[in-house]
Each structure stands twice: as C-alpha cells, then as structure tokens.
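Participant: You'll find my_file_26.txt just under this line, and it carries compact mmCIF, C-alpha atoms and all ligand atoms.
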# COMPACT_ATOMS: atom_id res chain seq x y z
CA MET N 4 10.46 29.18 8.35
CA SER N 5 10.57 27.51 11.77
CA SER N 6 13.96 26.84 13.40
CA LYS N 7 12.53 24.08 15.64
CA LYS N 8 13.81 20.56 15.03
CA THR N 9 11.24 18.68 13.05
CA THR N 10 11.20 15.10 11.81
CA PRO N 11 10.79 14.53 8.08
CA LEU N 12 7.55 12.66 7.35
CA HIS N 13 7.15 10.93 4.00
CA VAL N 14 3.83 9.63 2.74
CA LEU N 15 4.18 6.54 0.57
CA THR N 16 1.03 5.74 -1.33
CA GLY N 17 -0.07 3.99 -4.54
CA PHE N 18 -2.89 1.63 -5.45
CA LEU N 19 -3.24 -1.87 -3.93
CA GLY N 20 -0.34 -4.05 -4.99
CA SER N 21 1.58 -1.21 -6.65
CA GLY N 22 4.84 -2.00 -4.84
CA LYS N 23 4.78 0.20 -1.71
CA THR N 24 5.88 -2.50 0.73
CA THR N 25 8.61 -3.67 -1.65
CA ILE N 26 10.03 -0.14 -1.78
CA LEU N 27 9.79 0.21 1.98
CA ARG N 28 11.45 -3.14 2.62
CA ALA N 29 14.39 -2.16 0.42
CA LEU N 30 14.60 1.19 2.17
CA LEU N 31 14.68 -0.42 5.62
CA ALA N 32 17.33 -2.88 4.49
CA ASP N 33 19.54 -0.07 3.11
CA ALA N 34 18.83 2.71 5.60
CA LEU N 35 21.87 4.15 7.36
CA GLU N 36 19.75 6.05 9.87
CA PRO N 37 16.82 5.11 12.13
CA VAL N 38 13.66 5.11 10.01
CA ALA N 39 10.34 4.64 11.78
CA VAL N 40 7.50 3.19 9.77
CA LEU N 41 3.76 3.32 10.12
CA VAL N 42 1.93 0.85 7.92
CA ASN N 43 -1.78 1.27 7.36
CA GLU N 44 -3.71 -1.68 5.93
CA VAL N 45 -7.29 -2.07 4.80
CA GLY N 46 -7.65 -5.63 6.09
CA GLU N 47 -8.19 -6.45 9.72
CA LEU N 48 -5.42 -9.04 9.63
CA GLY N 49 -2.29 -6.94 9.40
CA LEU N 50 0.17 -8.77 7.14
CA ASP N 51 2.41 -6.04 5.75
CA HIS N 52 4.74 -5.78 8.74
CA HIS N 53 5.67 -9.43 8.16
CA LEU N 54 6.45 -8.62 4.54
CA LEU N 55 8.77 -5.87 5.70
CA GLU N 56 10.67 -8.59 7.54
CA ARG N 57 11.33 -6.22 10.36
CA VAL N 58 9.14 -6.49 13.40
CA ASP N 59 10.31 -4.09 16.08
CA GLU N 60 9.18 -1.00 17.93
CA ASP N 61 10.06 1.27 15.01
CA VAL N 62 7.43 -0.43 12.86
CA LEU N 63 3.83 0.23 13.82
CA LEU N 64 0.86 -1.32 12.15
CA LEU N 65 -2.55 0.26 11.75
CA PRO N 66 -4.83 -2.41 10.28
CA GLY N 67 -8.57 -2.52 9.72
CA GLY N 68 -9.31 0.60 7.68
CA CYS N 69 -7.97 3.66 5.97
CA VAL N 70 -6.12 6.51 7.67
CA CYS N 71 -7.83 8.94 5.32
CA CYS N 72 -11.20 8.27 6.92
CA GLU N 73 -12.09 5.84 9.70
CA LEU N 74 -8.64 5.66 11.33
CA ARG N 75 -7.64 9.29 11.33
CA GLY N 76 -7.62 9.59 15.14
CA ASP N 77 -5.54 6.41 15.43
CA LEU N 78 -3.10 7.78 12.88
CA LEU N 79 -2.32 10.83 14.97
CA VAL N 80 -1.83 8.75 18.12
CA ALA N 81 0.42 6.28 16.27
CA LEU N 82 2.56 9.04 14.73
CA ASP N 83 2.92 10.57 18.15
CA ARG N 84 4.14 7.25 19.52
CA LEU N 85 6.69 6.82 16.75
CA LEU N 86 8.01 10.36 17.19
CA GLU N 87 8.64 9.61 20.87
CA ARG N 88 11.36 7.25 19.64
CA ARG N 89 13.16 10.15 17.94
CA PRO N 90 13.70 8.56 14.53
CA ALA N 91 15.65 10.37 11.83
CA ARG N 92 12.53 10.19 9.64
CA VAL N 93 9.10 8.61 9.53
CA VAL N 94 7.55 6.89 6.53
CA LEU N 95 3.81 6.40 6.47
CA GLU N 96 2.74 3.66 4.08
CA THR N 97 -0.92 4.22 3.34
CA THR N 98 -3.40 1.64 2.16
CA GLY N 99 -3.82 1.35 -1.58
CA LEU N 100 -7.25 2.96 -1.28
CA THR N 101 -6.16 6.10 0.52
CA ASP N 102 -7.13 9.53 -0.70
CA PRO N 103 -4.12 11.69 0.25
CA ALA N 104 -6.10 14.93 0.73
CA PRO N 105 -7.89 14.19 4.02
CA LEU N 106 -4.83 12.36 5.31
CA LEU N 107 -2.52 15.32 4.72
CA HIS N 108 -5.12 17.63 6.10
CA ALA N 109 -5.41 15.60 9.30
CA ILE N 110 -1.65 15.90 9.80
CA ALA N 111 -1.52 19.59 8.92
CA ALA N 112 -4.54 20.41 11.06
CA ASP N 113 -3.15 18.83 14.22
CA ALA N 114 -1.21 21.71 15.73
CA GLY N 115 0.89 19.50 18.03
CA LEU N 116 1.91 17.17 15.24
CA ALA N 117 2.38 19.88 12.64
CA ALA N 118 4.96 21.50 14.91
CA ARG N 119 6.96 18.28 15.15
CA VAL N 120 6.96 16.95 11.60
CA GLU N 121 8.00 18.37 8.27
CA LEU N 122 5.89 16.90 5.51
CA ARG N 123 8.44 15.95 2.89
CA GLY N 124 5.91 15.11 0.27
CA VAL N 125 3.95 12.31 -1.29
CA ILE N 126 5.65 9.39 -2.99
CA VAL N 127 3.41 7.35 -5.29
CA ALA N 128 4.27 3.82 -6.35
CA VAL N 129 3.03 3.03 -9.85
CA ASP N 130 2.75 -0.49 -11.25
CA CYS N 131 4.10 -0.15 -14.78
CA GLU N 132 1.99 -3.01 -16.05
CA ARG N 133 -1.36 -1.81 -14.75
CA ILE N 134 -1.34 1.93 -14.10
CA GLU N 135 -3.25 3.08 -17.17
CA GLU N 136 -6.03 0.54 -16.69
CA LEU N 137 -6.17 1.27 -12.94
CA ALA N 138 -6.38 5.01 -13.50
CA ARG N 139 -9.44 4.44 -15.70
CA GLU N 140 -11.16 2.07 -13.30
CA GLN N 141 -10.15 2.98 -9.74
CA PRO N 142 -10.87 6.54 -8.62
CA GLU N 143 -8.22 6.55 -5.88
CA VAL N 144 -5.43 6.19 -8.41
CA ARG N 145 -6.08 9.56 -9.97
CA ARG N 146 -6.27 11.20 -6.55
CA GLN N 147 -2.98 9.69 -5.51
CA LEU N 148 -1.28 10.82 -8.71
CA ASP N 149 -2.70 14.31 -8.35
CA PHE N 150 -0.95 14.60 -4.98
CA ALA N 151 2.32 12.99 -6.03
CA ASP N 152 5.59 14.82 -5.63
CA ARG N 153 7.62 11.86 -6.78
CA VAL N 154 6.48 8.81 -8.70
CA VAL N 155 8.30 5.50 -8.39
CA LEU N 156 7.79 3.06 -11.25
CA SER N 157 7.65 -0.52 -10.03
CA LYS N 158 7.64 -3.85 -11.90
CA VAL N 159 9.66 -2.39 -14.75
CA ASP N 160 11.44 -5.76 -14.95
CA LEU N 161 8.06 -7.37 -15.75
CA ALA N 162 7.20 -4.88 -18.48
CA PRO N 163 10.41 -3.13 -19.65
CA GLN N 164 8.85 -2.16 -22.95
CA ARG N 165 6.08 -0.25 -21.14
CA ALA N 166 8.24 1.99 -18.95
CA GLN N 167 8.82 4.68 -21.56
CA GLY N 168 5.12 4.77 -22.47
CA VAL N 169 4.13 5.04 -18.80
CA ARG N 170 6.52 7.96 -18.33
CA ALA N 171 4.93 9.73 -21.31
CA TRP N 172 1.45 8.93 -19.99
CA LEU N 173 2.35 10.37 -16.56
CA GLU N 174 3.69 13.52 -18.16
CA ARG N 175 0.39 13.96 -20.01
CA GLU N 176 -1.85 13.09 -17.04
CA VAL N 177 0.06 14.70 -14.16
CA PRO N 178 2.71 16.92 -15.74
CA GLY N 179 5.82 17.93 -13.86
CA ARG N 180 6.13 14.99 -11.46
CA GLU N 181 9.58 13.61 -10.89
CA VAL N 182 9.62 9.98 -12.00
CA ARG N 183 12.20 7.25 -11.38
CA ALA N 184 12.17 3.50 -11.77
CA ALA N 185 12.86 1.15 -8.87
CA ASP N 186 14.78 -2.06 -9.28
CA ARG N 187 12.57 -4.45 -7.28
CA GLY N 188 12.06 -1.74 -4.71
CA ARG N 189 15.57 -0.27 -4.76
CA LEU N 190 16.32 3.24 -5.97
CA ASP N 191 18.27 6.35 -5.12
CA TRP N 192 17.17 7.10 -1.55
CA HIS N 193 18.64 10.57 -1.66
CA TRP N 194 16.36 11.44 -4.56
CA LEU N 195 13.39 9.86 -2.82
CA LEU N 196 13.79 11.21 0.69
CA ASP N 197 16.25 14.03 1.06
CA ARG N 198 14.77 16.58 -1.27
CA PRO N 199 11.89 18.71 0.00
CA GLY N 200 8.45 17.81 -1.18
CA PHE N 201 5.39 19.85 -2.08
CA GLY N 202 7.66 21.79 -4.38
CA LEU N 203 5.28 21.57 -7.29
CA ARG N 204 2.36 23.26 -5.72
CA ALA N 205 3.52 25.17 -2.66
CA SER N 206 6.53 26.75 -1.12
CA SER N 207 7.07 25.02 2.19
CA SER N 208 6.04 22.05 4.30
CA VAL N 209 2.89 22.07 6.39
CA GLU N 210 1.77 25.64 5.88
CA GLY N 211 2.28 25.34 2.17
CA ALA N 212 0.46 22.05 2.08
CA ARG N 213 -2.53 23.62 3.75
CA GLY N 214 -2.90 26.02 0.86
CA TRP N 215 -3.08 23.44 -1.88
CA LEU N 216 -5.05 20.91 0.15
CA TRP N 217 -7.92 23.30 0.26
CA GLY N 218 -7.62 24.40 -3.30
CA PRO N 219 -9.95 22.94 -5.93
CA LEU N 220 -9.76 19.14 -5.99
CA ALA N 221 -9.94 17.24 -9.22
CA GLY N 222 -10.92 13.67 -9.91
CA PRO N 223 -13.95 11.45 -9.52
CA ALA N 224 -13.29 10.56 -5.87
CA ALA N 225 -13.11 14.10 -4.57
CA SER N 226 -13.53 14.30 -0.81
CA SER N 227 -16.47 15.90 0.87
CA GLY N 228 -15.97 19.42 2.19
CA ASP N 229 -15.03 18.34 5.70
CA GLY N 230 -12.07 16.37 4.39
CA ARG N 231 -13.57 12.90 4.79
CA ALA N 232 -12.93 10.47 2.00
CA ASP N 233 -16.18 8.88 1.07
CA HIS N 234 -15.10 5.30 0.63
CA GLY N 235 -18.76 4.33 1.00
CA SER N 236 -19.69 5.56 -2.46
CA ILE N 237 -16.82 3.71 -4.11
CA GLY N 238 -17.10 0.91 -1.60
CA TYR N 239 -14.78 -1.96 -1.05
CA THR N 240 -15.19 -4.97 1.20
CA THR N 241 -12.58 -6.98 3.02
CA HIS N 242 -12.88 -10.61 4.04
CA SER N 243 -10.42 -12.10 6.51
CA ILE N 244 -9.96 -15.82 6.92
CA ARG N 245 -7.80 -17.77 9.36
CA VAL N 246 -7.21 -21.48 9.48
CA ASP N 247 -5.24 -23.32 12.15
CA ASP N 248 -3.72 -26.08 10.03
CA ALA N 249 -0.76 -25.79 7.69
CA VAL N 250 -1.70 -25.76 4.00
CA GLU N 251 -0.58 -27.06 0.63
CA ILE N 252 0.98 -23.99 -0.93
CA GLU N 253 0.42 -25.24 -4.48
CA ALA N 254 -3.31 -25.73 -3.84
CA VAL N 255 -3.73 -22.18 -2.55
CA GLN N 256 -1.62 -20.75 -5.38
CA LEU N 257 -3.76 -22.63 -7.91
CA TRP N 258 -6.91 -21.28 -6.27
CA LEU N 259 -5.45 -17.78 -6.54
CA ARG N 260 -4.77 -18.24 -10.24
CA LEU N 261 -8.25 -19.59 -10.92
CA VAL N 262 -10.25 -16.97 -9.06
CA THR N 263 -8.24 -14.05 -10.39
CA GLN N 264 -8.71 -15.35 -13.95
CA LEU N 265 -12.45 -15.29 -13.33
CA ASP N 266 -12.85 -12.15 -11.23
CA GLY N 267 -9.53 -10.26 -11.47
CA PRO N 268 -10.89 -6.74 -11.92
CA ARG N 269 -13.19 -7.06 -8.89
CA LEU N 270 -10.73 -8.94 -6.69
CA LEU N 271 -8.60 -5.89 -5.99
CA ARG N 272 -6.12 -7.63 -3.75
CA ILE N 273 -5.64 -11.02 -2.11
CA LYS N 274 -2.82 -11.60 0.36
CA ALA N 275 -2.11 -14.76 2.30
CA LEU N 276 0.47 -15.76 4.86
CA ALA N 277 0.59 -19.52 4.92
CA ARG N 278 2.56 -22.20 6.70
CA CYS N 279 3.55 -24.95 4.28
CA ARG N 280 2.35 -28.39 5.31
CA ALA N 281 5.32 -30.16 3.74
CA SER N 282 8.24 -27.97 4.84
CA GLY N 283 6.92 -25.91 7.75
CA ALA N 284 8.21 -22.75 6.01
CA THR N 285 6.02 -19.65 5.76
CA TYR N 286 5.05 -18.22 2.39
CA VAL N 287 3.35 -15.09 1.15
CA LEU N 288 0.87 -15.69 -1.65
CA GLN N 289 -0.68 -12.69 -3.32
CA SER N 290 -2.47 -11.18 -6.26
CA ALA N 291 -3.33 -7.67 -7.42
CA GLY N 292 -6.22 -7.73 -9.86
CA ALA N 293 -5.54 -10.58 -12.28
CA SER N 294 -1.80 -10.44 -11.68
CA VAL N 295 -0.59 -13.25 -9.40
CA SER N 296 2.86 -13.09 -7.81
CA PRO N 297 5.02 -16.18 -7.34
CA PRO N 298 5.00 -17.57 -3.78
CA GLN N 299 7.58 -15.77 -1.66
CA ARG N 300 9.25 -17.55 1.24
CA LEU N 301 9.59 -15.45 4.39
CA ASP N 302 12.83 -15.65 6.33
CA LEU N 303 11.30 -13.97 9.34
CA ALA N 304 8.08 -15.93 9.83
CA PRO N 305 5.54 -14.98 12.48
CA PRO N 306 6.11 -17.52 15.27
CA ASP N 307 2.42 -17.79 16.17
CA LEU N 308 1.24 -18.72 12.66
CA ALA N 309 0.34 -22.42 12.62
CA GLY N 310 -1.92 -22.33 9.54
CA ALA N 311 -2.85 -19.47 7.24
CA GLU N 312 -4.25 -15.95 7.27
CA VAL N 313 -5.86 -14.59 4.12
CA VAL N 314 -7.25 -11.16 3.29
CA VAL N 315 -9.48 -10.65 0.26
CA ILE N 316 -10.28 -7.06 -0.77
CA GLU N 317 -12.98 -6.79 -3.39
CA ARG N 318 -15.04 -4.11 -4.99
CA GLY N 319 -18.35 -4.67 -6.69
CA MET N 320 -18.72 -8.43 -6.40
CA PRO N 321 -22.37 -9.50 -6.20
CA GLU N 322 -23.27 -10.97 -2.82
CA GLY N 323 -24.14 -14.28 -4.42
CA SER N 324 -20.55 -14.64 -5.68
CA ILE N 325 -18.78 -13.99 -2.39
CA GLU N 326 -20.03 -16.97 -0.48
CA PRO N 327 -18.92 -19.57 -3.07
CA LEU N 328 -15.61 -17.74 -3.48
CA LEU N 329 -14.88 -17.94 0.23
CA ARG N 330 -16.06 -21.54 0.36
CA SER N 331 -13.68 -22.45 -2.43
CA LEU N 332 -10.91 -20.65 -0.54
CA HIS N 333 -11.60 -22.75 2.55
CA GLU N 334 -11.45 -25.87 0.37
CA ALA N 335 -8.14 -24.80 -1.15
CA LEU N 336 -6.76 -24.11 2.32
CA ALA N 337 -7.86 -27.60 3.29
CA GLY N 338 -5.92 -28.94 0.30
CA HIS N 339 -8.52 -29.36 -2.42
CA ALA N 340 -6.89 -27.66 -5.39
CA GLY N 341 -9.17 -26.28 -8.09
CA ALA N 342 -12.10 -26.44 -5.69
CA ASP N 343 -15.54 -26.00 -7.27
CA ARG N 344 -16.84 -22.43 -7.00
CA SER N 345 -20.41 -23.06 -8.03
CA PRO N 346 -22.98 -22.17 -5.32
N1 LIG N 401 8.94 -8.50 -10.40
C1 LIG N 401 8.65 -7.49 -9.58
N2 LIG N 401 7.71 -7.67 -8.64
C2 LIG N 401 7.42 -6.61 -7.82
C3 LIG N 401 8.06 -5.36 -7.92
N3 LIG N 401 7.57 -4.54 -6.99
C4 LIG N 401 6.63 -5.24 -6.33
N4 LIG N 401 6.54 -6.50 -6.82
C5 LIG N 401 5.62 -7.59 -6.39
O1 LIG N 401 4.30 -7.12 -6.50
C6 LIG N 401 3.50 -7.62 -5.43
C7 LIG N 401 2.87 -6.46 -4.68
O2 LIG N 401 3.92 -5.66 -4.14
P1 LIG N 401 3.78 -4.93 -2.72
O3 LIG N 401 5.07 -4.23 -2.49
O4 LIG N 401 3.30 -5.87 -1.68
O5 LIG N 401 2.62 -3.92 -3.08
P2 LIG N 401 1.88 -2.91 -2.06
O6 LIG N 401 1.62 -1.67 -2.80
O7 LIG N 401 2.64 -2.77 -0.79
O8 LIG N 401 0.53 -3.70 -1.77
P3 LIG N 401 -0.61 -3.31 -0.68
O9 LIG N 401 0.10 -2.93 0.59
O10 LIG N 401 -1.42 -4.53 -0.52
O11 LIG N 401 -1.38 -2.19 -1.26
C8 LIG N 401 4.46 -8.46 -4.58
O12 LIG N 401 4.34 -9.82 -4.96
C9 LIG N 401 5.82 -7.93 -4.94
O13 LIG N 401 6.85 -8.89 -4.75
C10 LIG N 401 9.08 -5.21 -8.94
O14 LIG N 401 9.69 -4.14 -9.14
N5 LIG N 401 9.32 -6.31 -9.74
Before anything else, please render the file you have as structure tokens.
Ligand SMILES: Nc1nc2c(ncn2[C@@H]2O[C@H](COP(=O)(O)OP(=O)(O)OP(=O)(O)O)[C@@H](O)[C@H]2O)c(=O)[nH]1
Facilitator:
Amino acid sequence: MSSKKTTPLHVLTGFLGSGKTTILRALLADALEPVAVLVNEVGELGLDHHLLERVDEDVLLLPGGCVCCELRGDLLVALDRLLERRPARVVLETTGLTDPAPLLHAIAADAGLAARVELRGVIVAVDCERIEELAREQPEVRRQLDFADRVVLSKVDLAPQRAQGVRAWLEREVPGREVRAADRGRLDWHWLLDRPGFGLRASSSVEGARGWLWGPLAGPAASSGDGRADHGSIGYTTHSIRVDDAVEIEAVQLWLRLVTQLDGPRLLRIKALARCRASGATYVLQSAGASVSPPQRLDLAPPDLAGAEVVVIERGMPEGSIEPLLRSLHEALAGHAGADRSP
C-alpha cells in the first residue's frame, strides 16, 4: 500500500433523474471539509451546477457528452485542475448514461492521476419508484448497478411502500451491495464517503480496481475491448433550446406534463432553467421519463439568464416526432400552454 498522500475520489452515478444532484447538493450543504465536485452532463447547456446552488472554483462542469466515452481526455484535465486546489475529497457526478467501466479504467490507467487519487468506490443513486422498470429498459442501469459499492435509495418519500421491495430486488439482482435510503438527498455521510470502496470485488483502490475492471463484464451494454462505451448502439440525442424572454412557468410546466404523458419512456430527461415572467424569479422545471417534478425556485439564480434554457434528452423518438415536439416547446416558452403538437 502506498504511503503517499492521496485524495479520495468518489464516483456518483445513477440513471438520468435518479437523484444524484440532490444527494450532492445536500452533501455540499453539510460538508465540514472542502469537497471539490466535477459534474458531467450529457446536454451542451450545463444546468446541474446551478441546481447545486454553489458556483465557485471547487465546482467544475463538464457538459456536452459522457466522461465514459467522448469526454475522457477532458475528464483527466478537469480532475487535475480540481486536485490543484487540494480538496479533502473529490466527487465526480457522472451523467445518467455513463458506463462506469471505461470511466474507472481511464482514471486507473492514467499513471499521474492514479498516484494522486484513491478511488473510494462507486455510489449509485436509485430512484425507488422507477428502478425496476429502468433496469429492464435502459442498459446503462444494469452496468451502473454492477459496479456499485453503495446504493442510495432516493424518492423513498414518494413511494414508501416500495422501498422494502426495491431492497429485496437489489439483493437478488446485485447481491451484497450496501444500501441506504436518503431523505431528500440527506444521509449518513460517514457511511457514504469514509469507508473504503471496491471492497466487494477487490482488495485495494486503483490497483484492485484494475483487476475487476478487466474481468468479465456482464450486461447488455458491455463496453468494447478498448474500454470505450458504445453509446452509438444504444443512442440518445440531446436537444438544447434557449430563449431570451422570460416565460410563463405554468405554461412550460403544462407542456412538460403533456409531452411526458405522451412520450415518457422515450423522453429520458427534460430539464429547464426558466426566468418567470411574472415574478422575475428563476425556476427549475424537470421530468425523468413520465415523472414530472414540481417547479423548484432557485435561490442562487444565474445572473445572465434572461429567458430560459431547456435540455431534452431522448432515446428512440422517430425523427418525424422531434420537430413538432420542439415546436410545441417553443410555443410553450412563448406562453401558449397546451400547444398543438401535430406536425
Ligand atoms: N420527493 C423527492 N424528490 C426527489 C428526491 N431525490 C430527487 N428528487 C427530485 O427528482 C428530480 C431529479 O433529481 P436530480 O437530483 O436532479 O437527479 P439527477 O440524477 O441528478 O439527474 P441528472 O443529473 O439529470 O441525471 C428533481 O426534481 C429532484 O428534486 C427525493 O428523495 N424525494
């Protein structure tokens, strides 16, 4: 075991909308030590750092792709930059579509980085309401669970009767994982962060990780031999929209409810930051599949946001459906609630 001082690095993953940012926001609010954060987002418009409500040099954003494939080089540079600030620990929040294997390999294979960080394991956020359906339909979910050291159950308050069943399901599907429930993001940080990871499959940090990363990989989204996640074959598409004028929050929220009723399973994630026309306040509007969250008012609003920024992540929508969907979004942003989606 090395005696050099290394910085604990925690990988926080989980499917789109599973509660990663909520956990991280609670952690940052409670942390008694300097925690640096790297947030990777699929969409080109990075919104998550606003949701963390902490915008400073200890929070770095990596938007526009996945660190497990197209942004791997950027990941290493960004981690290097964060480590320069000598944080007590670093948390990497992946996108919801990340395959942990090539990501962990990229970290372990970079000799400079591997000498400076101690991989403390993979934390997977699991949406209690949706996990079983997601595991059937979205190949990344199984991969993320396969690599989990600790599983955090989120949204237990929305589905308290499901929590016990989800625990039993996890024990059947990925036996031996440590599982705890979060209370709207909050949980025992000592349990989450201070205990060493990779304990289930290997003996110690990076070297140990290397062994199991290159062992046989299970699951339908297995990476290619060179460690690249093939997002192409399970493709997703992102659409980013900006408007300069403030919006009617109710109209956009209604649009969100309508489109997710129609196309929930294919509309993997929609997130909007929007300035309210009536009050001038900034709101986050969002959905994950067919599940729409209530509008959330941001205390720390981005000063340069005059109108709205929206990211739509979809998988498998026919081309002929996208154009009317985006047109109806523009109409909702302009204030026409329930806008017609027909081509
Ligand atoms: N009621 C309730 N809502 C939650 C809980 N955890 C997360 N949410 C809500 O679920 C939605 C998605 O949560 P996020 O934390 O943004 O999920 P995420 O995994 O970071 O999403 P992506 O970064 O887009 O993949 C938000 O509206 C959250 O407020 C919870 O424990 N209870």
Participant: May I have a table of the residues of chain N lying at most 8 Å from ligand LIG 401 (chain N), giving each one's closest pair of atoms and their distance in Å to one decimal, counting only C-alpha atoms and all ligand atoms, ordered by chain and ascending residue number, as a tab-separated table?
Facilitator:
residue	atom	partner	partner_atom	distance
N:Thr16	CA	N:LIG401	O6	7.6
N:Gly17	CA	N:LIG401	O6	6.2
N:Phe18	CA	N:LIG401	O11	5.9
N:Leu19	CA	N:LIG401	O11	3.3
N:Gly20	CA	N:LIG401	O8	3.4
N:Ser21	CA	N:LIG401	O6	3.9
N:Gly22	CA	N:LIG401	O3	3.2
N:Lys23	CA	N:LIG401	O7	3.8
N:Thr24	CA	N:LIG401	O7	3.6
N:Thr25	CA	N:LIG401	O3	3.7
N:Ile26	CA	N:LIG401	O3	6.5
N:Leu27	CA	N:LIG401	O3	7.9
N:Glu44	CA	N:LIG401	O9	6.7
N:Asp51	CA	N:LIG401	O9	6.5
N:Leu54	CA	N:LIG401	O4	7.5
N:Glu96	CA	N:LIG401	O9	7.9
N:Thr97	CA	N:LIG401	O9	7.7
N:Thr98	CA	N:LIG401	O11	5.5
N:Gly99	CA	N:LIG401	O11	4.3
N:Leu100	CA	N:LIG401	O11	7.8
N:Ala128	CA	N:LIG401	O6	7.1
N:Asp130	CA	N:LIG401	N3	7.6
N:Leu156	CA	N:LIG401	O14	7.7
N:Ser157	CA	N:LIG401	O14	4.2
N:Lys158	CA	N:LIG401	O14	3.5
N:Val159	CA	N:LIG401	O14	5.9
N:Asp160	CA	N:LIG401	N5	5.7
N:Leu161	CA	N:LIG401	N1	5.5
N:Ala185	CA	N:LIG401	O14	6.2
N:Asp186	CA	N:LIG401	O14	5.5
N:Arg187	CA	N:LIG401	O14	3.4
N:Gly188	CA	N:LIG401	O14	5.6
N:Arg272	CA	N:LIG401	O10	6.5
N:Ile273	CA	N:LIG401	O10	7.9
N:Lys274	CA	N:LIG401	O10	7.3
N:Leu288	CA	N:LIG401	O12	7.6
N:Gln289	CA	N:LIG401	O12	6.0
N:Ser290	CA	N:LIG401	C6	7.0
N:Ala291	CA	N:LIG401	C7	6.9
N:Val295	CA	N:LIG401	O12	7.5
N:Ser296	CA	N:LIG401	O12	4.6
N:Pro297	CA	N:LIG401	O12	6.8
N:Pro298	CA	N:LIG401	O12	7.9
N:Gln299	CA	N:LIG401	O12	7.5
Participant: If you measure from atom CA of Thr263 of chain N to atom CA of Gly68 of chain N, what distance in Å do you get, rounded to one decimal?
Facilitator: 23.3 Å
Participant: Can you pull out every residue within 7 Å of segment 276-281 of chain N, counting only C-alpha atoms, but drop anything in the same chain fewer than 2 positions away, and send it as a PyMOL selection string?
Facilitator: chain N and resi 249-252+274+283-288+309-313
Participant: Would you mind exporting the chosen residues as a short mmCIF file (atom, residue, chain, number, x, y, z; two decimals), in the coordinates of the input, restricted to C-alpha atoms?
Facilitator:
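Listing of out-v1.cif after writing:
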data_model
loop_
_atom_site.label_atom_id
_atom_site.label_comp_id
_atom_site.auth_asym_id
_atom_site.auth_seq_id
_atom_site.Cartn_x
_atom_site.Cartn_y
_atom_site.Cartn_z
CA ALA N 249 -0.76 -25.79 7.69
CA VAL N 250 -1.70 -25.76 4.00
CA GLU N 251 -0.58 -27.06 0.63
CA ILE N 252 0.98 -23.99 -0.93
CA LYS N 274 -2.82 -11.60 0.36
CA GLY N 283 6.92 -25.91 7.75
CA ALA N 284 8.21 -22.75 6.01
CA THR N 285 6.02 -19.65 5.76
CA TYR N 286 5.05 -18.22 2.39
CA VAL N 287 3.35 -15.09 1.15
CA LEU N 288 0.87 -15.69 -1.65
CA ALA N 309 0.34 -22.42 12.62
CA GLY N 310 -1.92 -22.33 9.54
CA ALA N 311 -2.85 -19.47 7.24
CA GLU N 312 -4.25 -15.95 7.27
CA VAL N 313 -5.86 -14.59 4.12
#
Participant: I'd like to know which of N:Leu86, N:Leu50, N:Gly338, N:Ser282 is closest to Glu253 of chain N, using all atoms listed in the file.
Facilitator: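 Ranking N:Leu86, N:Leu50, N:Gly338, N:Ser282 by distance to Glu253 of chain N, first place goes to N:Gly338.
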Participant: Can you tell me which residues surround segment 171-177 of chain N at a distance of at most 10 Å, considering all atoms listed in the file, apart from same-chain residues fewer than 6 positions away, and format the answer as a list of chain:residue names?
Facilitator: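 My reading of the contact set: N:Val129, N:Ile134, N:Glu135, N:Ala138, N:Arg145, N:Leu148, N:Asp149, N:Phe150, N:Ala151, N:Val154.
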Participant: Convert the current residue selection to file output with C-alpha atoms, as a PDB file, in the frame of the given file.
Facilitator:
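After the write, part05.pdb holds the following:
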ATOM      1  CA  VAL N 129       3.030   3.030  -9.850  1.00  0.00           C
ATOM      2  CA  ILE N 134      -1.340   1.930 -14.100  1.00  0.00           C
ATOM      3  CA  GLU N 135      -3.250   3.080 -17.170  1.00  0.00           C
ATOM      4  CA  ALA N 138      -6.380   5.010 -13.500  1.00  0.00           C
ATOM      5  CA  ARG N 145      -6.080   9.560  -9.970  1.00  0.00           C
ATOM      6  CA  LEU N 148      -1.280  10.820  -8.710  1.00  0.00           C
ATOM      7  CA  ASP N 149      -2.700  14.310  -8.350  1.00  0.00           C
ATOM      8  CA  PHE N 150      -0.950  14.600  -4.980  1.00  0.00           C
ATOM      9  CA  ALA N 151       2.320  12.990  -6.030  1.00  0.00           C
ATOM     10  CA  VAL N 154       6.480   8.810  -8.700  1.00  0.00           C
TER      11      VAL N 154
END
Participant: Quick one: of N:Leu15, N:Leu195, N:Cys131, N:Ala335, who's nearest to Gln164 of chain N, counting only C-alpha atoms?
Facilitator: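 Nearest candidate to Gln164 of chain N out of N:Leu15, N:Leu195, N:Cys131, N:Ala335: N:Cys131.
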Participant: Could you state the separation of atom CA of Leu79 of chain N and atom CA of Gly115 of chain N in Å, given to one decimal place?
Facilitator: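 So the answer is 9.7 Å.
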Participant: What's the separation between atom CA of Ala337 of chain N and atom CA of Met320 of chain N, in Å to one decimal place?
Facilitator: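 According to the coordinates, atom CA of Ala337 of chain N and atom CA of Met320 of chain N are separated by 24.1 Å.
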Participant: So, with all atoms listed in the file as the atoms that count, which of N:Gly292, N:Thr10, N:Arg245, N:Arg88 lies closest to Glu136 of chain N?
Facilitator: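 Ranking N:Gly292, N:Thr10, N:Arg245, N:Arg88 by distance to Glu136 of chain N, first place goes to N:Gly292.
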Participant: Out of N:Val62, N:Ala104, N:Ala109, N:Leu35, which residue has the shortest atom-to-atom distance to Asp77 of chain N when counting only C-alpha atoms?
Facilitator: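 Result for the nearest residue to Asp77 of chain N: N:Ala109.
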Participant: Considering only C-alpha atoms, state which residue in the set N:Leu106, N:Leu12, N:Ala32, N:Arg165 is at the smallest distance from Arg189 of chain N.
Facilitator: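 Under the stated criterion, the closest residue is N:Ala32.
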Participant: Quick one: of N:His242, N:Pro268, N:Ala162, N:Asp191, who's nearest to Glu326 of chain N, counting only C-alpha atoms?
Facilitator: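 Using only C-alpha atoms, the shortest distance to Glu326 of chain N belongs to N:His242.
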